[in-house]
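**Q** Structure file protein05.txt (compact mmCIF, C-alpha atoms and all ligand atoms) right here:
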# COMPACT_ATOMS: atom_id res chain seq x y z
CA MET A 341 150.83 108.91 93.81
CA THR A 342 147.57 107.17 92.72
CA THR A 343 144.35 108.00 94.58
CA ALA A 344 142.07 105.33 96.06
CA ALA A 345 139.56 106.10 93.31
CA GLU A 346 142.22 105.52 90.63
CA GLN A 347 143.29 102.28 92.30
CA SER A 348 139.74 100.92 92.43
CA ALA A 349 139.19 102.03 88.83
CA ALA A 350 142.12 99.80 87.87
CA ILE A 351 140.51 96.73 89.53
CA PRO A 352 138.13 94.92 87.17
CA ARG A 353 134.43 95.40 88.08
CA SER A 354 133.80 91.64 88.13
CA TYR A 355 136.51 91.26 90.76
CA LEU A 356 134.98 93.95 92.97
CA HIS A 357 131.57 92.36 92.57
CA ALA A 358 132.97 88.95 93.55
CA VAL A 359 134.64 90.41 96.65
CA LYS A 360 131.46 92.28 97.61
CA TRP A 361 129.51 89.00 97.66
CA THR A 362 132.21 86.55 98.71
CA VAL A 363 132.96 88.26 102.02
CA PRO A 364 129.38 88.28 103.37
CA ILE A 365 128.72 84.78 102.01
CA PHE A 366 131.85 83.54 103.78
CA ALA A 367 130.85 85.33 107.01
CA ILE A 368 127.32 83.90 106.88
CA GLY A 369 128.79 80.47 106.19
CA MET A 370 130.83 80.81 109.39
CA LEU A 371 127.75 81.92 111.33
CA ARG A 372 125.92 78.87 110.00
CA LYS A 373 128.63 76.59 111.37
CA LEU A 374 128.82 78.35 114.74
CA LEU A 375 125.16 78.93 115.58
CA PRO A 376 122.59 76.19 116.19
CA LEU A 377 119.67 76.01 113.75
CA SER A 378 117.12 77.05 116.39
CA PHE A 379 119.08 80.25 117.01
CA ARG A 380 119.39 81.02 113.27
CA LYS A 381 115.65 80.48 112.77
CA ALA A 382 114.92 82.87 115.63
CA LEU A 383 117.39 85.35 114.11
CA VAL A 384 115.64 85.22 110.73
CA LEU A 385 112.27 85.86 112.41
CA ARG A 386 113.75 88.77 114.34
CA LEU A 387 115.30 90.27 111.18
CA ALA A 388 111.98 89.83 109.36
CA LYS A 389 110.32 92.12 111.92
CA SER A 390 112.89 94.82 111.15
CA ARG A 391 112.08 94.52 107.40
CA LEU A 392 115.80 94.19 106.63
CA HIS A 393 116.72 94.78 103.00
CA GLY A 394 118.12 91.62 101.37
CA LEU A 395 116.50 89.30 103.94
CA TYR A 396 115.34 87.00 101.13
CA ARG A 397 118.87 85.90 100.20
CA LEU A 398 120.20 86.11 103.74
CA THR A 399 117.48 83.68 104.91
CA PHE A 400 118.47 81.11 102.29
CA LEU A 401 122.16 81.47 103.14
CA LEU A 402 121.66 81.26 106.91
CA LEU A 403 119.39 78.21 106.67
CA GLU A 404 121.08 76.37 103.81
CA ASP A 405 121.61 73.20 105.87
CA PHE A 406 117.93 73.23 106.95
CA SER A 407 116.78 73.41 103.32
CA ARG A 408 119.10 70.55 102.36
CA ASP A 409 118.36 68.22 105.30
CA ASP A 410 114.62 68.84 105.62
CA PRO A 411 113.31 70.53 102.42
CA SER A 412 109.63 70.47 103.36
CA GLY A 413 110.28 71.54 106.98
CA PHE A 414 112.29 74.45 105.62
CA GLN A 415 109.54 75.46 103.19
CA LYS A 416 106.92 75.14 105.92
CA PHE A 417 108.99 77.46 108.12
CA LEU A 418 109.26 80.04 105.30
CA TRP A 419 105.64 80.04 104.13
CA SER A 420 104.10 79.89 107.59
CA HIS A 421 106.08 83.03 108.54
CA HIS A 422 105.49 84.79 105.20
CA LEU A 423 109.22 84.67 104.40
CA GLY A 424 111.28 84.04 101.28
CA HIS A 425 109.15 83.84 98.16
CA ALA A 426 106.06 84.59 100.28
CA GLU A 427 107.22 88.19 100.51
CA SER A 428 105.97 88.75 96.94
CA TYR A 429 102.42 87.86 98.01
CA GLU A 430 101.04 91.30 98.83
CA LEU A 431 97.62 92.67 97.87
CA ASN A 432 98.87 95.28 95.39
CA ARG A 433 101.09 92.77 93.60
CA ARG A 434 98.61 89.90 93.30
CA PHE A 435 94.99 91.07 92.96
CA GLY A 436 93.66 92.42 89.69
CA LYS A 437 93.58 90.97 86.19
CA SER A 438 96.91 92.50 85.17
CA ASN A 439 98.67 90.93 88.15
CA LEU A 440 97.56 87.37 87.53
CA GLU A 441 100.51 85.29 86.35
CA PRO A 442 100.06 84.35 82.66
CA THR A 443 100.53 80.64 83.41
CA ARG A 444 97.73 80.74 86.01
CA ARG A 445 95.39 82.34 83.46
CA LEU A 446 96.40 79.75 80.87
CA MET A 447 95.69 76.85 83.23
CA LEU A 448 92.29 78.31 84.13
CA GLU A 449 91.44 78.64 80.44
CA ARG A 450 92.33 74.96 80.00
CA VAL A 451 90.14 74.09 83.00
CA ALA A 452 87.20 75.93 81.42
CA ALA A 453 87.84 74.26 78.03
CA GLU A 454 87.97 70.82 79.65
CA LEU A 455 84.72 71.42 81.52
CA ARG A 456 83.01 72.48 78.27
CA LYS A 457 84.28 69.28 76.67
CA GLN A 458 82.40 67.43 79.41
CA ALA A 459 79.26 69.46 78.54
CA ILE A 460 79.65 71.52 81.71
CA ASP A 461 79.31 75.28 81.31
CA PRO A 462 81.86 76.83 83.70
CA GLU A 463 79.87 80.07 83.84
CA THR A 464 76.60 78.52 84.97
CA ASP A 465 77.21 74.96 86.14
CA VAL A 466 80.16 75.30 88.51
CA GLN A 467 78.70 75.98 91.94
CA SER A 468 81.73 75.43 94.16
CA ALA A 469 85.52 75.61 94.04
CA LEU A 470 88.37 75.07 96.46
CA ASP A 471 91.88 76.53 96.06
CA VAL A 472 94.50 74.58 98.01
CA GLY A 473 97.50 76.82 98.78
CA CYS A 474 95.45 79.93 97.92
CA SER A 475 97.73 82.51 99.57
CA LEU A 476 95.80 85.85 99.47
CA GLY A 477 92.92 84.32 97.51
CA HIS A 478 93.86 86.20 94.31
CA VAL A 479 93.31 83.18 92.05
CA LEU A 480 89.95 82.47 93.73
CA ARG A 481 88.87 86.08 93.14
CA PHE A 482 89.87 85.81 89.49
CA VAL A 483 87.93 82.58 89.16
CA GLU A 484 84.92 84.21 90.81
CA THR A 485 84.85 87.17 88.43
CA GLU A 486 86.05 85.55 85.19
CA PHE A 487 85.34 81.84 85.17
CA PHE A 488 82.77 80.61 87.70
CA PRO A 489 80.45 83.59 88.33
CA ALA A 490 77.60 81.28 89.43
CA ALA A 491 79.65 79.64 92.19
CA SER A 492 78.24 80.28 95.65
CA VAL A 493 81.04 78.44 97.46
CA LEU A 494 84.61 79.64 96.87
CA GLU A 495 86.99 78.46 99.54
CA GLY A 496 90.74 78.58 99.99
CA ILE A 497 93.21 77.18 102.48
CA ASP A 498 96.83 78.12 103.06
CA LEU A 499 99.58 77.84 105.66
CA ASP A 500 100.46 81.53 105.50
CA SER A 501 98.33 83.22 108.19
CA TYR A 502 99.48 86.70 107.13
CA ALA A 503 98.24 86.09 103.55
CA ILE A 504 94.97 84.61 104.82
CA GLU A 505 94.31 87.59 107.06
CA LYS A 506 95.20 90.26 104.46
CA GLY A 507 93.42 88.41 101.65
CA SER A 508 90.27 87.85 103.75
CA GLU A 509 90.04 91.56 104.58
CA TYR A 510 90.45 92.51 100.93
CA LEU A 511 87.89 89.96 99.72
CA ARG A 512 85.38 91.10 102.33
CA ASP A 513 85.85 94.75 101.28
CA THR A 514 85.34 93.93 97.59
CA GLY A 515 82.13 92.00 98.30
CA SER A 516 83.60 88.67 97.21
CA LYS A 517 81.95 85.38 98.19
CA ALA A 518 85.37 83.77 98.66
CA SER A 519 86.39 82.71 102.16
CA LEU A 520 89.86 81.68 103.28
CA ALA A 521 91.15 79.61 106.19
CA CYS A 522 94.57 78.92 107.61
CA ALA A 523 95.38 75.22 107.35
CA ASP A 524 98.21 72.88 106.39
CA LEU A 525 97.52 70.71 103.37
CA SER A 526 98.98 67.75 105.23
CA SER A 527 95.69 67.65 107.17
CA LEU A 528 93.51 68.47 104.18
CA SER A 529 91.13 65.52 104.54
CA LYS A 530 90.29 66.66 108.09
CA THR A 531 89.96 70.31 107.03
CA ILE A 532 87.48 69.58 104.24
CA ALA A 533 85.80 66.53 105.80
CA GLY A 534 82.17 66.27 104.70
CA LYS A 535 82.58 68.80 101.87
CA ASN A 536 82.82 68.29 98.11
CA TYR A 537 83.67 70.83 95.42
CA ASP A 538 82.89 70.90 91.70
CA VAL A 539 86.43 72.08 90.95
CA ILE A 540 89.58 71.96 93.05
CA LEU A 541 92.67 74.01 92.13
CA CYS A 542 96.18 73.57 93.51
CA PHE A 543 98.69 75.69 91.60
CA GLY A 544 102.37 75.87 92.52
CA VAL A 545 102.05 74.34 95.98
CA LEU A 546 102.97 70.65 96.08
CA MET A 547 106.64 71.29 95.30
CA TYR A 548 106.96 72.59 98.86
CA VAL A 549 105.94 69.32 100.51
CA ASP A 550 107.55 65.89 100.51
CA GLU A 551 106.53 63.10 98.14
CA GLN A 552 104.30 61.27 100.60
CA THR A 553 102.47 64.45 101.66
CA ALA A 554 101.99 65.48 98.01
CA ALA A 555 100.59 62.02 97.11
CA GLN A 556 98.23 62.08 100.09
CA ALA A 557 97.08 65.61 99.21
CA ILE A 558 96.28 64.54 95.63
CA LYS A 559 94.33 61.57 96.97
CA SER A 560 92.33 63.79 99.36
CA MET A 561 91.68 66.41 96.68
CA LEU A 562 90.40 63.74 94.27
CA GLN A 563 88.14 62.27 96.96
CA HIS A 564 86.51 65.69 97.37
CA THR A 565 86.32 66.68 93.67
CA LYS A 566 83.05 66.32 91.77
CA MET A 567 84.07 67.55 88.29
CA LEU A 568 87.75 68.38 87.86
CA LEU A 569 91.00 68.72 89.77
CA ALA A 570 93.68 71.04 88.34
CA VAL A 571 97.13 70.71 89.86
CA SER A 572 100.47 72.21 88.86
CA THR A 573 103.98 72.04 90.21
CA TRP A 574 107.56 72.58 89.06
CA PRO A 575 108.63 70.67 85.90
CA HIS A 576 111.86 68.73 85.71
CA PRO A 577 113.90 70.65 83.12
CA GLU A 578 114.95 67.59 81.09
CA ILE A 579 112.84 64.54 81.92
CA ASP A 580 109.05 64.60 81.68
CA ASN A 581 107.93 64.42 85.33
CA ARG A 582 105.72 61.41 84.54
CA SER A 583 108.88 59.34 83.97
CA LEU A 584 110.48 60.14 87.32
CA PRO A 585 110.78 57.07 89.55
CA GLN A 586 110.73 59.32 92.62
CA SER A 587 110.67 62.98 93.64
CA VAL A 588 113.98 64.83 93.25
CA PRO A 589 115.36 68.06 94.79
CA ALA A 590 115.20 71.06 92.44
CA PRO A 591 118.41 72.90 93.46
CA GLY A 592 121.17 72.18 90.98
CA LEU A 593 118.64 71.05 88.35
CA VAL A 594 116.52 74.15 87.90
CA LYS A 595 118.15 77.44 86.98
CA ASN A 596 115.52 80.03 87.73
CA ARG A 597 116.42 83.60 88.44
CA ALA A 598 113.10 84.64 89.97
CA ASP A 599 112.61 81.99 92.66
CA LEU A 600 115.27 80.41 94.82
CA MET A 601 114.89 76.67 94.52
CA ASP A 602 116.25 75.66 97.93
CA GLY A 603 113.95 73.13 99.53
CA VAL A 604 111.83 72.71 96.37
CA LEU A 605 111.00 69.17 95.17
CA ILE A 606 110.14 67.97 91.68
CA HIS A 607 107.36 65.38 91.78
CA ASN A 608 105.74 62.87 89.46
CA LEU A 609 102.13 64.07 89.84
CA ASP A 610 100.93 61.77 87.04
CA ARG A 611 101.77 58.70 89.11
CA MET A 612 100.23 60.17 92.25
CA ALA A 613 96.98 61.04 90.46
CA THR A 614 96.70 57.66 88.75
CA ALA A 615 97.53 55.76 91.95
CA ALA A 616 94.72 57.68 93.67
CA GLY A 617 92.26 56.46 91.02
CA GLY A 618 92.10 59.71 89.04
CA LYS A 619 91.78 59.89 85.25
CA ILE A 620 94.21 62.36 83.66
CA VAL A 621 92.24 64.10 80.90
CA SER A 622 94.79 66.75 79.99
CA ARG A 623 98.41 67.46 80.86
CA CYS A 624 101.34 69.68 79.97
CA TRP A 625 105.07 69.49 80.58
CA THR A 626 107.34 72.11 79.01
CA GLY A 627 110.67 71.10 80.55
CA ALA A 628 112.84 74.21 81.00
CA GLU A 629 110.88 76.16 78.39
CA VAL A 630 109.22 79.23 79.83
CA VAL A 631 105.58 79.79 78.85
CA GLN A 632 104.33 83.27 77.92
CA GLY A 633 107.38 84.91 79.49
CA ASP A 634 106.30 83.59 82.91
CA LYS A 635 107.43 80.13 84.04
CA PRO A 636 107.90 76.61 82.71
CA LEU A 637 104.79 74.47 83.20
CA TYR A 638 103.84 71.07 84.50
CA TYR A 639 100.14 70.65 85.16
CA LEU A 640 97.45 67.99 85.10
CA LEU A 641 93.69 68.13 84.77
CA VAL A 642 92.25 65.08 86.50
CA ARG A 643 88.76 63.66 86.76
CA PRO A 644 87.89 61.77 89.94
C1 LIG B 701 103.93 79.75 95.05
S1 LIG B 701 102.61 80.09 96.13
C2 LIG B 701 101.20 79.82 95.06
C3 LIG B 701 100.00 80.57 95.51
C4 LIG B 701 98.76 80.40 94.61
N1 LIG B 701 98.35 79.01 94.56
C5 LIG B 701 98.99 80.88 93.21
O1 LIG B 701 98.78 80.12 92.28
O2 LIG B 701 99.40 82.04 93.04
C6 LIG B 701 102.58 78.64 97.15
C7 LIG B 701 101.56 78.69 98.25
O3 LIG B 701 101.50 77.41 98.87
C8 LIG B 701 101.35 77.59 100.27
N2 LIG B 701 101.80 76.40 100.96
C9 LIG B 701 103.05 75.89 101.01
N3 LIG B 701 103.07 74.79 101.78
C10 LIG B 701 101.80 74.60 102.24
C11 LIG B 701 101.20 73.65 103.10
N4 LIG B 701 101.90 72.65 103.64
N5 LIG B 701 99.87 73.76 103.35
C12 LIG B 701 99.15 74.77 102.82
N6 LIG B 701 99.67 75.71 102.01
C13 LIG B 701 100.99 75.64 101.72
C14 LIG B 701 102.18 78.82 100.56
O4 LIG B 701 101.88 79.41 101.79
C15 LIG B 701 101.89 79.69 99.35
O5 LIG B 701 100.82 80.55 99.57
Here is a file; write its structure as structure tokens.
**A**
Amino acid sequence: MTTAAEQSAAIPRSYLHAVKWTVPIFAIGMLRKLLPLSFRKALVLRLAKSRLHGLYRLTFLLLEDFSRDDPSGFQKFLWSHHLGHAESYELNRRFGKSNLEPTRRLMLERVAAELRKQAIDPETDVQSALDVGCSLGHVLRFVETEFFPAASVLEGIDLDSYAIEKGSEYLRDTGSKASLACADLSSLSKTIAGKNYDVILCFGVLMYVDEQTAAQAIKSMLQHTKMLLAVSTWPHPEIDNRSLPQSVPAPGLVKNRADLMDGVLIHNLDRMATAAGGKIVSRCWTGAEVVQGDKPLYYLLVRP
């Protein structure tokens, strides 16, 4: 007679793995059909409080229809509740030189190089900067210590109130001049009315809002930029984003193991910046090619 252990040893590992995932995915699929969206959203928020292991994937499975039907509403739900990819934005994982993503550092180096080209010394001449979608304020802090030490105004806005609160506490304790506020970029012009900044940064944010909101945000940012706007978002893997006639959903196109792409949009930022009267002075599109072991890149440096 064969034991259960012998029987399972005879079953190929890949089969066991498939069964292990297929059953819960099937069950969650059934739940998705049976339960209204409002209930599933409330369930995700409840599970988030219990710090359930595997919530990241479960959230995407439970709310798959939401991400498909209303990508930016879905992303707004996730980020404003510090869910999904937001879970990786914690103080110990983001602050400090060694934690800064290589592509962020690279873009900041290009910003500094572009300013120097315009006879602006980033170390002494940049007095103010705004980071749109700043999360904890980790990029702002890096900018403060490494790039714009003379800046007296360093401000950030983000939808994620948890990140704003944690980041603000940390920045206060480290003696930083940076200040953060909770705001949605869809009302950016109201939030920063009457203010202008030498440099505005917006890294990895606009892919979470729809085309019209992204275009309006670029317009507002340019209206409030004195020297340079730096903006990055997800690149289309095959077509240079500047050739896209319209924004397209990332799922199915982008194969990225680190971030789930549900609800992410791929935009043509070049067209948005030009339509808003900006002058693109530098740009980069790497397609699917990952830069410095981090991510693929699509960014623009734009003068107002
Ligand atoms: C991938 S993270 C990037 C964070 C930071 N810019 C960086 O470079 O590390 C995207 C950020 O955009 C924010 N975000 C998404 N949608 C937003 C919106 N509508 N208004 C303001 N912030 C938003 C999220 O809360 C999140 O902190």
**Q** Using only C-alpha atoms, pick whichever of A:Glu495, A:Asp602, A:Glu578, A:Glu454 has the shortest atom-to-atom distance to Leu418 (chain A).
**A**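 The answer is A:Asp602, which sits nearest to Leu418 (chain A).
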**Q** Could you check the closest approach to Leu605 (chain A) for each of A:Met447, A:Val642, A:Val549, A:Cys624 and tell me which residue wins, using only C-alpha atoms?
**A**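 Result for the nearest residue to Leu605 (chain A): A:Val549.
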**Q** Hey, can you check how far CA of Ser475 (chain A) sits from atom C3 of ligand LIG 701 (chain B)?
**A** 5.0 Å
**Q** Please identify all protein, DNA and RNA residues within 6 Å of ligand LIG 701 (chain B), counting all atoms listed in the file, and report them as a PDB file with C-alpha atoms, keeping the file's coordinate frame.
**A**
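Once written, pocket26.pdb looks like this:
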ATOM      1  CA  LYS A 416     106.920  75.140 105.920  1.00  0.00           C
ATOM      2  CA  TRP A 419     105.640  80.040 104.130  1.00  0.00           C
ATOM      3  CA  GLY A 473      97.500  76.820  98.780  1.00  0.00           C
ATOM      4  CA  CYS A 474      95.450  79.930  97.920  1.00  0.00           C
ATOM      5  CA  SER A 475      97.730  82.510  99.570  1.00  0.00           C
ATOM      6  CA  ASP A 498      96.830  78.120 103.060  1.00  0.00           C
ATOM      7  CA  LEU A 499      99.580  77.840 105.660  1.00  0.00           C
ATOM      8  CA  ASP A 500     100.460  81.530 105.500  1.00  0.00           C
ATOM      9  CA  ALA A 523      95.380  75.220 107.350  1.00  0.00           C
ATOM     10  CA  ASP A 524      98.210  72.880 106.390  1.00  0.00           C
ATOM     11  CA  LEU A 525      97.520  70.710 103.370  1.00  0.00           C
ATOM     12  CA  SER A 526      98.980  67.750 105.230  1.00  0.00           C
ATOM     13  CA  CYS A 542      96.180  73.570  93.510  1.00  0.00           C
ATOM     14  CA  PHE A 543      98.690  75.690  91.600  1.00  0.00           C
ATOM     15  CA  GLY A 544     102.370  75.870  92.520  1.00  0.00           C
ATOM     16  CA  VAL A 545     102.050  74.340  95.980  1.00  0.00           C
ATOM     17  CA  TYR A 548     106.960  72.590  98.860  1.00  0.00           C
TER      18      TYR A 548
END
**Q** Once 3 Å is added on each side, what centre and edge lengths in Å to one decimal does the axis-aligned box around all listed atoms of region 413-418 of chain A have, as JSON?
**A**
{"center_x": 109.6, "center_y": 75.8, "center_z": 105.7, "size_x": 11.4, "size_y": 14.5, "size_z": 10.9}
**Q** Wanna dump the region 381-451 of chain A-region 584-590 of chain A contacts at 12 Å for me, each residue with its shortest atom pair and the distance in Å to one decimal, counting only C-alpha atoms, ordered by chain and number, as a tab-separated table?
**A**
residue	atom	partner	partner_atom	distance
A:Ser407	CA	A:Pro589	CA	10.2
A:Arg408	CA	A:Pro589	CA	8.8
A:Asp409	CA	A:Pro589	CA	10.9
A:Asp410	CA	A:Pro589	CA	10.9
A:Pro411	CA	A:Pro589	CA	8.3
A:Ser412	CA	A:Pro589	CA	10.6
**Q** Tell me, in Å to one decimal, how far CA of Asp610 (chain A) is from CA of Ile497 (chain A).
**A**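 Distance reported for this atom pair: 23.1 Å.
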**Q** When you count all atoms listed in the file, which of these residues is closest to Arg445 (chain A): A:Ile540, A:Leu401, A:Leu520, A:Val483?
**A**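 With all atoms listed in the file as the atom set, the closest residue is A:Val483.
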**Q** Can you work out the spacing between CA of Phe487 (chain A) and CA of Trp625 (chain A) in Å, to one decimal?
**A**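 The value is 23.7 Å.
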**Q** Each residue of region 502-581 of chain A with at least one atom at most 9 Å from region 423-438 of chain A should appear once, together with its nearest atom pair and the corresponding distance in Å (one decimal); atoms considered: all atoms listed in the file; ordering: chain, then increasing residue number; output as CSV.
**A**
residue,atom,partner,partner_atom,distance
A:Ala503,CA,A:Tyr429,CA,7.2
A:Lys506,CA,A:Leu431,CA,7.4
A:Gly507,CA,A:Leu431,CA,7.1
A:Tyr510,CA,A:Leu431,CA,7.8
**Q** Pick the closest to Leu600 (chain A) from A:Arg397, A:Arg391, A:Arg372, A:Lys381: which is it, counting all atoms listed in the file?
**A**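 Of A:Arg397, A:Arg391, A:Arg372, A:Lys381, the one nearest Leu600 (chain A), counting all atoms listed in the file, is A:Arg397.
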**Q** Using only C-alpha atoms, which of the listed residues (A:Phe400, A:Phe406, A:Thr514, A:Leu392) sits closest to Leu377 (chain A)?
**A** A:Phe406
**Q** Could you give me, as a PyMOL selection string, the residues that have an atom at most 6 Å away from the point (76.6, 83.4, 88.1) in the coordinates of the file, using only C-alpha atoms?
**A** chain A and resi 464+489-490
**Q** Mind listing whatever residues come within 6 Å of the point (98.4, 85.9, 90.0)? Use all atoms listed in the file, file coordinates, and give them as a VMD selection string.
**A** chain A and resid 434 439 to 441
**Q** Would you pick out the contacts of Met601 (chain A) at 8 Å or less, using all atoms listed in the file, so that residues sharing its chain but fewer than 3 positions from it are not included, and give the list as a PyMOL selection string?
**A** chain A and resi 590-591+594+596+604
**Q** Using all atoms listed in the file, pick whichever of A:Met370, A:Leu402, A:Leu641, A:Ala382 has the shortest atom-to-atom distance to Leu568 (chain A).
**A**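 Residue with the minimum atom-to-atom distance to Leu568 (chain A): A:Leu641.
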**Q** With a distance cut-off of 12 Å and only C-alpha atoms, select the neighbouring residues of Lys373 (chain A), excluding the residue or stretch itself and same-chain residues fewer than 3 positions from it, and output the selection as an NGL selection string.
**A** :A and (366-370 or 376-377 or 379-380 or 401-405)
